[in-house]
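Below you'll find the structure, written out as structure tokens, and then a few comments.
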Amino acid sequence: MTTENPTQPVVDLRSDTVTKPSPAMLAAMVAAPVGDDVYEEDPTVRRLEEMAAARFGLEAGLFCPSGTMTNQIAIKAHTEPLSEVICEQTAHVYLWEVGGIAFHSGASVALLPGQRGRLTAAQVEAAIRPENVHYPTTRLVCLENTHNRGGGSCYALEDLQAISDVAQRHGIARHLDGARIFNALVATGQHSEDYGQYFDSISVCLSKGLGTPVGSVLLGSAAFIKKCKRIRKVMGGGWRQAGFLAAAGIYALENNVERLADDHRRATRLADALRAQPYVAEVLNPETNLVIFRLADTQPAAEFLATLERQGIRASSFGPQWIRFVTHLDVDDAGVARVEAALSSMSE
Ligand SMILES: *Cc1c(COP(=O)(O)O)cnc(C)c1O
């Protein structure tokens with residue numbers, strides 16, 4: 001990449017997945033006791049799985065390479081062909097997982113329009129199929145918290161409870177794509193232990209805001225996780241001395257959760273800076289660490305991104321004229337100040 005000042009570090013706002021493990025995290029990884037996880041002999045993987053499950057009030061965990069894998073394993077375990085999954089129309093499980101629901105599970109999807117990605121209990125209830133030979137059988141409702149496409153939006157606990165009640169009344173399983181669940185918990189002050197009662201399964205990413213190099217955990221009942229372990233194996237996800245990676249997850253759960261509040265504060269700063277620019281048409285209020293905004297029609301998006309890039313700042317295109325900034329543990333206050341300066345310089 002060519003930047004005007006090649007000595008300054010890149011401020012990479014494309015995603016919270018771009019972080020590199022800190023020296024302390026690497027030290028914890030190197031020191032981890034490990035074994036063959038397919039033989040269930042890796043003590044560090046077991047510790048991570050137990051620790052994560054306990055935090056969310058669920059029985060068991062399954063450590064996997066990615067959040068796509070944990071989501072897709074859960075969906076497959078909850079459904080069968082000729083059944084249907086209810087989710088929001090911009091849900092990651094539908095939009096960004098390669099059509100995996102059709103491929104892995106042979107299931108249909110009922111897509112609902114949410115408010116910044118959030119569904120209501122009434123919407124979910126109305127989407128549940130009555131028994132009829134023409135219809136797939138509704139088996140699962142899948143929620144996302146925080147919601148990526150919704151700009152890091154969070155659910156209120158009452159709304160999760162109401163959706164959970166509807167699902168239970170109709171005998172439908174409840175899955176949470178909690179790729180950024182810790183951002184939601186830190187932003188709202190909700191407690192992770194409360195989540196186990198509202199969901200049969202939860203997928204948690206360790207490689208987003210928590211800053212590990214690799215990994216997600218799927219949480220659920222012991223019987224559910226046993227079933228999921230077979231599905232992980234058939235997907236080629238049985239791994240061996242994965243404890244080195246699990247150790248990064250344990251380190252992250254112990255050290256990198258509370259600091260997410262710093263990312264949220266920096267996202268708010270960036271949103272304020274964007275609102276002050278005449279070439280920005282709209283900024284979604286950042287509830288957590290994602291800032292999604294729309295450029296005015298007079299400001300071509302490609303030119304905007306190229307101007308930032310020349311100043312060592314990277315961001316993602318998020319649809320025509322839409323851009324996403326993501327704060328994370330490798331973006332500090334000095335980095336935010338550089339972005340503020342670059343944004344102001346464009347309106348001069
Ligand atoms: C990133 C993400 C995932 C999983 O992504 P992987 O890259 O497969 O780990 C799932 N859901 C949401 C909402 C995400 O943002």
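Identifiers in this document derive from the order of the structure tokens: chains are assigned A, B, ..., residues are numbered from 1 separately in each chain, and ligands are numbered from 1 in order of occurrence.
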May I have the residues within 12 Å of range 297-307 of chain A as a ChimeraX atom specification, using only C-alpha atoms and disregarding those fewer than 2 positions away in the same chain? /A:1-4,12-14,277-282,293-295,309-325,339,342-347
Do you know which residues are at most 7 Å from range 170-187 of chain A counting only C-alpha atoms, after dropping those on the same chain fewer than 2 positions away, and could you put them as an MDAnalysis selection string? chainID A and resid 67 71 78 138:146 154 164 166:168 189:192 199:205 257:258 260:261 288
Go ahead and save the picked residues with N, CA, C and O atoms, as a CSV table (one decimal), in the first residue's frame.
chain,number,residue,atom,x,y,z
A,67,GLY,N,-16.7,-18.7,13.3
A,67,GLY,CA,-18.1,-18.5,13.7
A,67,GLY,C,-19.1,-19.0,12.6
A,67,GLY,O,-20.2,-19.3,12.9
A,71,ASN,N,-22.0,-21.5,13.7
A,71,ASN,CA,-23.4,-21.2,13.4
A,71,ASN,C,-24.0,-22.4,12.5
A,71,ASN,O,-25.1,-22.8,12.8
A,78,HIS,N,-30.1,-28.4,14.8
A,78,HIS,CA,-31.5,-28.0,15.2
A,78,HIS,C,-32.5,-28.4,14.1
A,78,HIS,O,-33.7,-28.3,14.4
A,138,THR,N,-41.4,-25.2,10.7
A,138,THR,CA,-40.5,-24.2,11.4
A,138,THR,C,-39.8,-25.0,12.5
A,138,THR,O,-40.5,-25.5,13.4
A,139,ARG,N,-38.5,-24.9,12.5
A,139,ARG,CA,-37.7,-25.6,13.6
A,139,ARG,C,-36.9,-24.7,14.5
A,139,ARG,O,-36.5,-25.1,15.6
A,140,LEU,N,-36.5,-23.6,13.9
A,140,LEU,CA,-35.5,-22.8,14.6
A,140,LEU,C,-35.7,-21.3,14.3
A,140,LEU,O,-36.0,-20.9,13.2
A,141,VAL,N,-35.5,-20.5,15.4
A,141,VAL,CA,-35.3,-19.0,15.2
A,141,VAL,C,-33.9,-18.7,15.5
A,141,VAL,O,-33.3,-19.1,16.5
A,142,CYS,N,-33.3,-17.9,14.6
A,142,CYS,CA,-31.9,-17.5,14.8
A,142,CYS,C,-31.8,-16.0,14.9
A,142,CYS,O,-32.2,-15.3,14.1
A,143,LEU,N,-31.2,-15.5,16.1
A,143,LEU,CA,-31.1,-14.1,16.3
A,143,LEU,C,-29.6,-13.8,16.3
A,143,LEU,O,-28.7,-14.7,16.4
A,144,GLU,N,-29.3,-12.5,16.1
A,144,GLU,CA,-27.9,-12.0,16.0
A,144,GLU,C,-27.7,-10.8,16.9
A,144,GLU,O,-28.4,-9.8,16.8
A,145,ASN,N,-26.7,-10.9,17.9
A,145,ASN,CA,-26.6,-9.9,18.9
A,145,ASN,C,-25.1,-9.8,19.2
A,145,ASN,O,-24.5,-10.7,19.8
A,146,THR,N,-24.4,-8.6,18.9
A,146,THR,CA,-24.9,-7.5,18.3
A,146,THR,C,-25.2,-7.8,16.8
A,146,THR,O,-24.6,-8.8,16.3
A,154,CYS,N,-27.9,-3.7,19.5
A,154,CYS,CA,-28.1,-4.7,20.6
A,154,CYS,C,-29.6,-4.9,20.9
A,154,CYS,O,-30.4,-4.0,20.8
A,164,SER,N,-38.0,-15.6,22.9
A,164,SER,CA,-37.8,-17.0,23.5
A,164,SER,C,-39.1,-17.6,23.9
A,164,SER,O,-39.3,-18.8,23.7
A,166,VAL,N,-42.1,-17.0,22.7
A,166,VAL,CA,-42.9,-17.4,21.5
A,166,VAL,C,-42.3,-18.8,21.0
A,166,VAL,O,-43.1,-19.7,20.7
A,167,ALA,N,-41.0,-18.8,20.9
A,167,ALA,CA,-40.4,-20.0,20.3
A,167,ALA,C,-40.7,-21.3,21.2
A,167,ALA,O,-41.1,-22.3,20.7
A,168,GLN,N,-40.6,-21.1,22.5
A,168,GLN,CA,-40.9,-22.2,23.4
A,168,GLN,C,-42.3,-22.7,23.3
A,168,GLN,O,-42.6,-23.9,23.3
A,189,GLY,N,-24.8,-3.6,29.7
A,189,GLY,CA,-24.8,-4.0,31.2
A,189,GLY,C,-25.5,-5.3,31.5
A,189,GLY,O,-25.7,-5.6,32.6
A,190,GLN,N,-25.9,-6.0,30.4
A,190,GLN,CA,-26.6,-7.3,30.6
A,190,GLN,C,-25.6,-8.3,31.1
A,190,GLN,O,-24.4,-8.1,31.0
A,191,HIS,N,-26.1,-9.4,31.7
A,191,HIS,CA,-25.2,-10.4,32.3
A,191,HIS,C,-25.2,-11.7,31.4
A,191,HIS,O,-26.3,-12.2,31.0
A,192,SER,N,-24.0,-12.2,31.1
A,192,SER,CA,-24.0,-13.4,30.2
A,192,SER,C,-24.7,-14.5,30.7
A,192,SER,O,-25.4,-15.3,30.0
A,199,PHE,N,-31.7,-19.1,25.1
A,199,PHE,CA,-31.2,-19.8,23.9
A,199,PHE,C,-30.8,-21.2,24.2
A,199,PHE,O,-30.3,-21.6,25.2
A,200,ASP,N,-31.1,-22.1,23.2
A,200,ASP,CA,-30.7,-23.5,23.2
A,200,ASP,C,-29.2,-23.6,22.8
A,200,ASP,O,-28.6,-24.6,23.1
A,201,SER,N,-28.8,-22.7,21.9
A,201,SER,CA,-27.4,-22.7,21.5
A,201,SER,C,-26.9,-21.2,21.3
A,201,SER,O,-27.7,-20.4,20.9
A,202,ILE,N,-25.7,-21.0,21.6
A,202,ILE,CA,-25.0,-19.7,21.4
A,202,ILE,C,-23.7,-19.9,20.7
A,202,ILE,O,-22.9,-20.7,21.1
A,203,SER,N,-23.4,-19.1,19.6
A,203,SER,CA,-22.1,-19.1,19.0
A,203,SER,C,-21.4,-17.8,19.4
A,203,SER,O,-22.0,-16.7,19.3
A,204,VAL,N,-20.2,-17.9,19.9
A,204,VAL,CA,-19.4,-16.8,20.4
A,204,VAL,C,-18.1,-16.7,19.7
A,204,VAL,O,-17.4,-17.7,19.6
A,205,CYS,N,-17.8,-15.6,19.0
A,205,CYS,CA,-16.5,-15.5,18.3
A,205,CYS,C,-15.5,-14.9,19.3
A,205,CYS,O,-15.7,-14.0,20.0
A,257,VAL,N,-12.4,-8.4,27.8
A,257,VAL,CA,-13.9,-8.2,27.7
A,257,VAL,C,-14.2,-6.7,28.1
A,257,VAL,O,-14.8,-6.0,27.4
A,258,GLU,N,-13.8,-6.3,29.3
A,258,GLU,CA,-14.2,-5.0,29.8
A,258,GLU,C,-13.6,-3.9,28.9
A,258,GLU,O,-14.3,-2.9,28.8
A,260,LEU,N,-13.7,-3.6,25.9
A,260,LEU,CA,-14.5,-3.3,24.8
A,260,LEU,C,-15.2,-2.0,24.9
A,260,LEU,O,-15.5,-1.3,23.9
A,261,ALA,N,-15.4,-1.5,26.1
A,261,ALA,CA,-16.0,-0.2,26.4
A,261,ALA,C,-15.1,0.9,25.7
A,261,ALA,O,-15.7,1.9,25.2
A,288,THR,N,-22.3,0.0,19.6
A,288,THR,CA,-21.2,-0.7,20.1
A,288,THR,C,-19.9,-0.3,19.3
A,288,THR,O,-19.6,0.9,19.3
So which residues touch Glu80 in chain A within 10 Å, counting only C-alpha atoms, skipping near sequence neighbours fewer than 6 positions away, as a ChimeraX atom specification? /A:104-108,137,139
Selection: 9 Å around Asp262 in chain A, only C-alpha atoms, excl. self and same-chain fewer than 6 positions, as an NGL selection string: :A and (327-329 or 332)
Taking C-alpha atoms for each residue, export the selection above as a PDB file, in the first residue's frame.
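The resulting file, result.pdb, is shown below:
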ATOM      1  CA  THR A 327     -12.966  -0.126  16.249  1.00  0.00           C
ATOM      2  CA  HIS A 328     -10.976  -2.856  18.000  1.00  0.00           C
ATOM      3  CA  LEU A 329      -8.018  -3.464  20.260  1.00  0.00           C
ATOM      4  CA  ASP A 332      -6.017   3.512  19.947  1.00  0.00           C
TER       5      ASP A 332
END
In range 149-237 of chain A, what's helix (DSSP H, G or I) per DSSP? Answer as an mmCIF file with N, CA and C atoms, in the first residue's frame?
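states.cif, written as the output of this step:
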data_model
loop_
_atom_site.group_PDB
_atom_site.id
_atom_site.type_symbol
_atom_site.label_atom_id
_atom_site.label_comp_id
_atom_site.auth_asym_id
_atom_site.auth_seq_id
_atom_site.Cartn_x
_atom_site.Cartn_y
_atom_site.Cartn_z
ATOM 1 N N LEU A 157 -33.019 -7.117 26.822
ATOM 2 C CA LEU A 157 -33.258 -8.457 27.374
ATOM 3 C C LEU A 157 -34.744 -8.842 27.304
ATOM 4 N N GLU A 158 -35.632 -7.864 27.505
ATOM 5 C CA GLU A 158 -37.080 -8.158 27.446
ATOM 6 C C GLU A 158 -37.463 -8.678 26.059
ATOM 7 N N ASP A 159 -36.831 -8.132 25.014
ATOM 8 C CA ASP A 159 -37.172 -8.560 23.655
ATOM 9 C C ASP A 159 -36.662 -9.978 23.391
ATOM 10 N N LEU A 160 -35.480 -10.294 23.929
ATOM 11 C CA LEU A 160 -34.972 -11.669 23.790
ATOM 12 C C LEU A 160 -35.900 -12.626 24.524
ATOM 13 N N GLN A 161 -36.322 -12.221 25.708
ATOM 14 C CA GLN A 161 -37.208 -13.063 26.504
ATOM 15 C C GLN A 161 -38.536 -13.293 25.773
ATOM 16 N N ALA A 162 -39.089 -12.231 25.166
ATOM 17 C CA ALA A 162 -40.376 -12.349 24.476
ATOM 18 C C ALA A 162 -40.253 -13.295 23.270
ATOM 19 N N ILE A 163 -39.140 -13.195 22.520
ATOM 20 C CA ILE A 163 -38.938 -14.077 21.364
ATOM 21 C C ILE A 163 -38.735 -15.516 21.841
ATOM 22 N N SER A 164 -37.986 -15.647 22.917
ATOM 23 C CA SER A 164 -37.760 -16.973 23.490
ATOM 24 C C SER A 164 -39.079 -17.609 23.933
ATOM 25 N N ASP A 165 -39.955 -16.818 24.555
ATOM 26 C CA ASP A 165 -41.261 -17.334 25.000
ATOM 27 C C ASP A 165 -42.092 -17.833 23.822
ATOM 28 N N VAL A 166 -42.111 -17.037 22.749
ATOM 29 C CA VAL A 166 -42.867 -17.435 21.547
ATOM 30 C C VAL A 166 -42.319 -18.760 21.007
ATOM 31 N N ALA A 167 -40.996 -18.833 20.902
ATOM 32 C CA ALA A 167 -40.377 -20.043 20.345
ATOM 33 C C ALA A 167 -40.708 -21.253 21.211
ATOM 34 N N GLN A 168 -40.622 -21.085 22.511
ATOM 35 C CA GLN A 168 -40.886 -22.229 23.398
ATOM 36 C C GLN A 168 -42.341 -22.668 23.331
ATOM 37 N N ARG A 169 -43.231 -21.690 23.229
ATOM 38 C CA ARG A 169 -44.655 -22.011 23.124
ATOM 39 C C ARG A 169 -44.922 -22.858 21.879
ATOM 40 N N ILE A 181 -21.266 -10.941 20.968
ATOM 41 C CA ILE A 181 -22.122 -10.898 22.153
ATOM 42 C C ILE A 181 -21.472 -10.103 23.287
ATOM 43 N N PHE A 182 -20.147 -10.169 23.401
ATOM 44 C CA PHE A 182 -19.519 -9.428 24.506
ATOM 45 C C PHE A 182 -19.622 -7.918 24.304
ATOM 46 N N ASN A 183 -19.645 -7.466 23.045
ATOM 47 C CA ASN A 183 -19.886 -6.035 22.808
ATOM 48 C C ASN A 183 -21.269 -5.658 23.316
ATOM 49 N N ALA A 184 -22.249 -6.530 23.055
ATOM 50 C CA ALA A 184 -23.623 -6.251 23.510
ATOM 51 C C ALA A 184 -23.686 -6.238 25.033
ATOM 52 N N LEU A 185 -23.027 -7.192 25.667
ATOM 53 C CA LEU A 185 -23.070 -7.270 27.136
ATOM 54 C C LEU A 185 -22.429 -6.036 27.768
ATOM 55 N N VAL A 186 -21.279 -5.636 27.235
ATOM 56 C CA VAL A 186 -20.582 -4.478 27.800
ATOM 57 C C VAL A 186 -21.387 -3.192 27.557
ATOM 58 N N ALA A 187 -22.000 -3.084 26.377
ATOM 59 C CA ALA A 187 -22.743 -1.855 26.051
ATOM 60 C C ALA A 187 -24.031 -1.728 26.854
ATOM 61 N N THR A 188 -24.696 -2.837 27.130
ATOM 62 C CA THR A 188 -26.018 -2.775 27.776
ATOM 63 C C THR A 188 -25.949 -3.034 29.278
ATOM 64 N N SER A 192 -24.040 -12.196 31.072
ATOM 65 C CA SER A 192 -23.965 -13.352 30.177
ATOM 66 C C SER A 192 -24.735 -14.548 30.730
ATOM 67 N N GLU A 193 -24.733 -14.739 32.065
ATOM 68 C CA GLU A 193 -25.377 -15.923 32.666
ATOM 69 C C GLU A 193 -26.879 -15.941 32.378
ATOM 70 N N ASP A 194 -27.465 -14.757 32.111
ATOM 71 C CA ASP A 194 -28.907 -14.715 31.819
ATOM 72 C C ASP A 194 -29.239 -15.309 30.452
ATOM 73 N N TYR A 195 -28.247 -15.412 29.580
ATOM 74 C CA TYR A 195 -28.538 -15.791 28.196
ATOM 75 C C TYR A 195 -28.921 -17.264 28.025
ATOM 76 N N GLY A 196 -28.386 -18.125 28.907
ATOM 77 C CA GLY A 196 -28.649 -19.561 28.760
ATOM 78 C C GLY A 196 -30.126 -19.916 28.804
ATOM 79 N N GLN A 197 -30.917 -19.117 29.536
ATOM 80 C CA GLN A 197 -32.351 -19.434 29.617
ATOM 81 C C GLN A 197 -33.105 -19.031 28.349
ATOM 82 N N ALA A 222 -25.396 -30.543 27.063
ATOM 83 C CA ALA A 222 -24.396 -31.592 26.828
ATOM 84 C C ALA A 222 -24.827 -32.489 25.658
ATOM 85 N N ALA A 223 -26.105 -32.838 25.597
ATOM 86 C CA ALA A 223 -26.585 -33.722 24.522
ATOM 87 C C ALA A 223 -26.469 -33.023 23.161
ATOM 88 N N PHE A 224 -26.808 -31.737 23.133
ATOM 89 C CA PHE A 224 -26.728 -30.967 21.880
ATOM 90 C C PHE A 224 -25.275 -30.888 21.402
ATOM 91 N N ILE A 225 -24.363 -30.584 22.316
ATOM 92 C CA ILE A 225 -22.959 -30.436 21.929
ATOM 93 C C ILE A 225 -22.368 -31.779 21.459
ATOM 94 N N LYS A 226 -22.841 -32.865 22.034
ATOM 95 C CA LYS A 226 -22.389 -34.191 21.590
ATOM 96 C C LYS A 226 -22.771 -34.418 20.125
ATOM 97 N N LYS A 227 -24.007 -34.038 19.795
ATOM 98 C CA LYS A 227 -24.476 -34.145 18.411
ATOM 99 C C LYS A 227 -23.641 -33.228 17.503
ATOM 100 N N CYS A 228 -23.364 -32.025 17.992
ATOM 101 C CA CYS A 228 -22.604 -31.045 17.204
ATOM 102 C C CYS A 228 -21.174 -31.504 16.942
ATOM 103 N N LYS A 229 -20.627 -32.235 17.873
ATOM 104 C CA LYS A 229 -19.240 -32.708 17.702
ATOM 105 C C LYS A 229 -19.126 -33.641 16.498
ATOM 106 N N ARG A 230 -20.141 -34.452 16.269
ATOM 107 C CA ARG A 230 -20.149 -35.331 15.083
ATOM 108 C C ARG A 230 -20.254 -34.492 13.807
ATOM 109 N N ILE A 231 -21.079 -33.440 13.855
ATOM 110 C CA ILE A 231 -21.230 -32.589 12.666
ATOM 111 C C ILE A 231 -19.920 -31.834 12.398
ATOM 112 N N ARG A 232 -19.274 -31.357 13.456
ATOM 113 C CA ARG A 232 -17.976 -30.700 13.270
ATOM 114 C C ARG A 232 -17.003 -31.673 12.601
ATOM 115 N N LYS A 233 -17.036 -32.934 13.019
ATOM 116 C CA LYS A 233 -16.098 -33.929 12.465
ATOM 117 C C LYS A 233 -16.344 -34.148 10.972
ATOM 118 N N VAL A 234 -17.616 -34.240 10.578
ATOM 119 C CA VAL A 234 -17.895 -34.507 9.157
ATOM 120 C C VAL A 234 -17.554 -33.292 8.298
#
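Restricting the calculation to only C-alpha atoms, the smallest distance between Ala126 in chain A and any of A:Ala60, A:Ala31, A:Leu95, A:Ile86 is found for A:Ile86.
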Nearest residue to ligand 1 from the set A:Ala24, A:Leu210, A:Ala127, A:Met29 (distances using only C-alpha atoms and all ligand atoms): A:Leu210
Point-to-point distance from CA of Ala242 in chain A to CA of Asp36 in chain A, Å rounded to tenths: 7.8 Å
From a backbone DSSP assignment, name each residue in range 124-312 of chain A labelled strand (DSSP E or B), as a ChimeraX atom specification. /A:137-144,147,153,173-178,201-205,216-220,280-283,290-295
I need the residues from that last selection saved to file as a JSON list (two decimals), in the first residue's frame (with N, CA and C atoms), if you can.
[["chain", "number", "residue", "atom", "x", "y", "z"],
["A", 137, "THR", "N", -41.50, -27.23, 7.88],
["A", 137, "THR", "CA", -41.80, -27.17, 9.32],
["A", 137, "THR", "C", -40.83, -26.21, 9.99],
["A", 138, "THR", "N", -41.36, -25.19, 10.67],
["A", 138, "THR", "CA", -40.48, -24.25, 11.37],
["A", 138, "THR", "C", -39.80, -24.96, 12.53],
["A", 139, "ARG", "N", -38.48, -24.93, 12.54],
["A", 139, "ARG", "CA", -37.74, -25.64, 13.60],
["A", 139, "ARG", "C", -36.90, -24.71, 14.47],
["A", 140, "LEU", "N", -36.51, -23.55, 13.90],
["A", 140, "LEU", "CA", -35.47, -22.76, 14.57],
["A", 140, "LEU", "C", -35.67, -21.28, 14.32],
["A", 141, "VAL", "N", -35.46, -20.49, 15.36],
["A", 141, "VAL", "CA", -35.33, -19.05, 15.17],
["A", 141, "VAL", "C", -33.89, -18.69, 15.52],
["A", 142, "CYS", "N", -33.28, -17.88, 14.65],
["A", 142, "CYS", "CA", -31.88, -17.52, 14.82],
["A", 142, "CYS", "C", -31.76, -16.01, 14.94],
["A", 143, "LEU", "N", -31.24, -15.54, 16.06],
["A", 143, "LEU", "CA", -31.05, -14.10, 16.28],
["A", 143, "LEU", "C", -29.56, -13.76, 16.25],
["A", 144, "GLU", "N", -29.25, -12.49, 16.07],
["A", 144, "GLU", "CA", -27.86, -12.02, 16.00],
["A", 144, "GLU", "C", -27.70, -10.82, 16.94],
["A", 147, "HIS", "N", -25.94, -6.99, 16.11],
["A", 147, "HIS", "CA", -26.23, -7.26, 14.70],
["A", 147, "HIS", "C", -25.24, -6.50, 13.82],
["A", 153, "SER", "N", -26.00, -3.15, 16.49],
["A", 153, "SER", "CA", -27.18, -2.90, 17.35],
["A", 153, "SER", "C", -27.35, -4.04, 18.35],
["A", 173, "ALA", "N", -36.63, -24.34, 18.36],
["A", 173, "ALA", "CA", -35.33, -24.11, 19.00],
["A", 173, "ALA", "C", -34.88, -22.66, 18.78],
["A", 174, "ARG", "N", -33.99, -22.19, 19.65],
["A", 174, "ARG", "CA", -33.53, -20.79, 19.64],
["A", 174, "ARG", "C", -32.00, -20.78, 19.57],
["A", 175, "HIS", "N", -31.48, -20.19, 18.49],
["A", 175, "HIS", "CA", -30.01, -20.07, 18.36],
["A", 175, "HIS", "C", -29.63, -18.59, 18.36],
["A", 176, "LEU", "N", -28.53, -18.28, 19.03],
["A", 176, "LEU", "CA", -27.99, -16.91, 18.99],
["A", 176, "LEU", "C", -26.66, -16.90, 18.27],
["A", 177, "ASP", "N", -26.57, -16.10, 17.20],
["A", 177, "ASP", "CA", -25.28, -15.80, 16.60],
["A", 177, "ASP", "C", -24.70, -14.65, 17.44],
["A", 178, "GLY", "N", -23.87, -15.05, 18.39],
["A", 178, "GLY", "CA", -23.29, -14.07, 19.31],
["A", 178, "GLY", "C", -21.85, -13.77, 18.94],
["A", 201, "SER", "N", -28.81, -22.66, 21.94],
["A", 201, "SER", "CA", -27.40, -22.66, 21.52],
["A", 201, "SER", "C", -26.94, -21.23, 21.28],
["A", 202, "ILE", "N", -25.65, -21.01, 21.55],
["A", 202, "ILE", "CA", -25.05, -19.69, 21.36],
["A", 202, "ILE", "C", -23.68, -19.88, 20.70],
["A", 203, "SER", "N", -23.44, -19.10, 19.64],
["A", 203, "SER", "CA", -22.12, -19.09, 19.02],
["A", 203, "SER", "C", -21.41, -17.79, 19.43],
["A", 204, "VAL", "N", -20.20, -17.92, 19.94],
["A", 204, "VAL", "CA", -19.43, -16.77, 20.41],
["A", 204, "VAL", "C", -18.11, -16.73, 19.65],
["A", 205, "CYS", "N", -17.80, -15.59, 19.02],
["A", 205, "CYS", "CA", -16.51, -15.46, 18.32],
["A", 205, "CYS", "C", -15.45, -14.94, 19.29],
["A", 216, "SER", "N", -13.99, -19.81, 17.53],
["A", 216, "SER", "CA", -15.32, -19.52, 18.06],
["A", 216, "SER", "C", -15.73, -20.71, 18.92],
["A", 217, "VAL", "N", -16.63, -20.45, 19.88],
["A", 217, "VAL", "CA", -17.16, -21.57, 20.67],
["A", 217, "VAL", "C", -18.67, -21.65, 20.48],
["A", 218, "LEU", "N", -19.16, -22.87, 20.35],
["A", 218, "LEU", "CA", -20.59, -23.13, 20.29],
["A", 218, "LEU", "C", -21.00, -23.68, 21.66],
["A", 219, "LEU", "N", -22.08, -23.13, 22.22],
["A", 219, "LEU", "CA", -22.51, -23.51, 23.56],
["A", 219, "LEU", "C", -23.92, -24.09, 23.51],
["A", 220, "GLY", "N", -24.20, -25.05, 24.40],
["A", 220, "GLY", "CA", -25.54, -25.63, 24.45],
["A", 220, "GLY", "C", -25.60, -26.69, 25.53],
["A", 280, "VAL", "N", -21.02, 13.60, 4.39],
["A", 280, "VAL", "CA", -21.63, 12.39, 4.99],
["A", 280, "VAL", "C", -23.13, 12.64, 5.11],
["A", 281, "ALA", "N", -23.93, 11.75, 4.50],
["A", 281, "ALA", "CA", -25.39, 11.97, 4.47],
["A", 281, "ALA", "C", -26.08, 11.41, 5.71],
["A", 282, "GLU", "N", -25.54, 10.31, 6.26],
["A", 282, "GLU", "CA", -26.27, 9.60, 7.31],
["A", 282, "GLU", "C", -25.30, 8.72, 8.09],
["A", 283, "VAL", "N", -25.43, 8.72, 9.42],
["A", 283, "VAL", "CA", -24.59, 7.87, 10.27],
["A", 283, "VAL", "C", -25.52, 7.08, 11.20],
["A", 290, "LEU", "N", -19.28, -0.78, 15.86],
["A", 290, "LEU", "CA", -19.44, -0.67, 14.40],
["A", 290, "LEU", "C", -20.07, 0.68, 14.06],
["A", 291, "VAL", "N", -19.47, 1.37, 13.10],
["A", 291, "VAL", "CA", -20.03, 2.66, 12.65],
["A", 291, "VAL", "C", -20.33, 2.52, 11.16],
["A", 292, "ILE", "N", -21.62, 2.52, 10.84],
["A", 292, "ILE", "CA", -22.04, 2.39, 9.44],
["A", 292, "ILE", "C", -22.60, 3.73, 9.00],
["A", 293, "PHE", "N", -22.10, 4.20, 7.87],
["A", 293, "PHE", "CA", -22.56, 5.53, 7.42],
["A", 293, "PHE", "C", -22.66, 5.58, 5.91],
["A", 294, "ARG", "N", -23.43, 6.58, 5.45],
["A", 294, "ARG", "CA", -23.68, 6.74, 4.02],
["A", 294, "ARG", "C", -23.12, 8.07, 3.56],
["A", 295, "LEU", "N", -22.37, 8.01, 2.47],
["A", 295, "LEU", "CA", -21.80, 9.22, 1.89],
["A", 295, "LEU", "C", -22.85, 9.92, 1.03]]
Ranking A:Gly35, A:Pro136, A:Gly243, A:Pro65 by minimum distance to ligand 1 and counting only C-alpha atoms and all ligand atoms, which one comes first? A:Pro65
Would you list the contacts of Val18 in chain A as a PyMOL selection string, taking every protein, DNA or RNA residue within 9 Å and counting only C-alpha atoms, but skipping same-chain residues closer than 6 positions in sequence? chain A and resi 12+207-208+211+213+328+330
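Shortest separation to ligand 1 among A:Ala122, A:Leu111, A:Val214, A:Ala32 occurs at residue A:Val214, atoms counted being only C-alpha atoms and all ligand atoms.
You can rank A:Gly151, A:Pro21, A:Pro9, A:Pro43 by their closest distance to ligand 1 using only C-alpha atoms and all ligand atoms, and at the top of that list sits A:Gly151.
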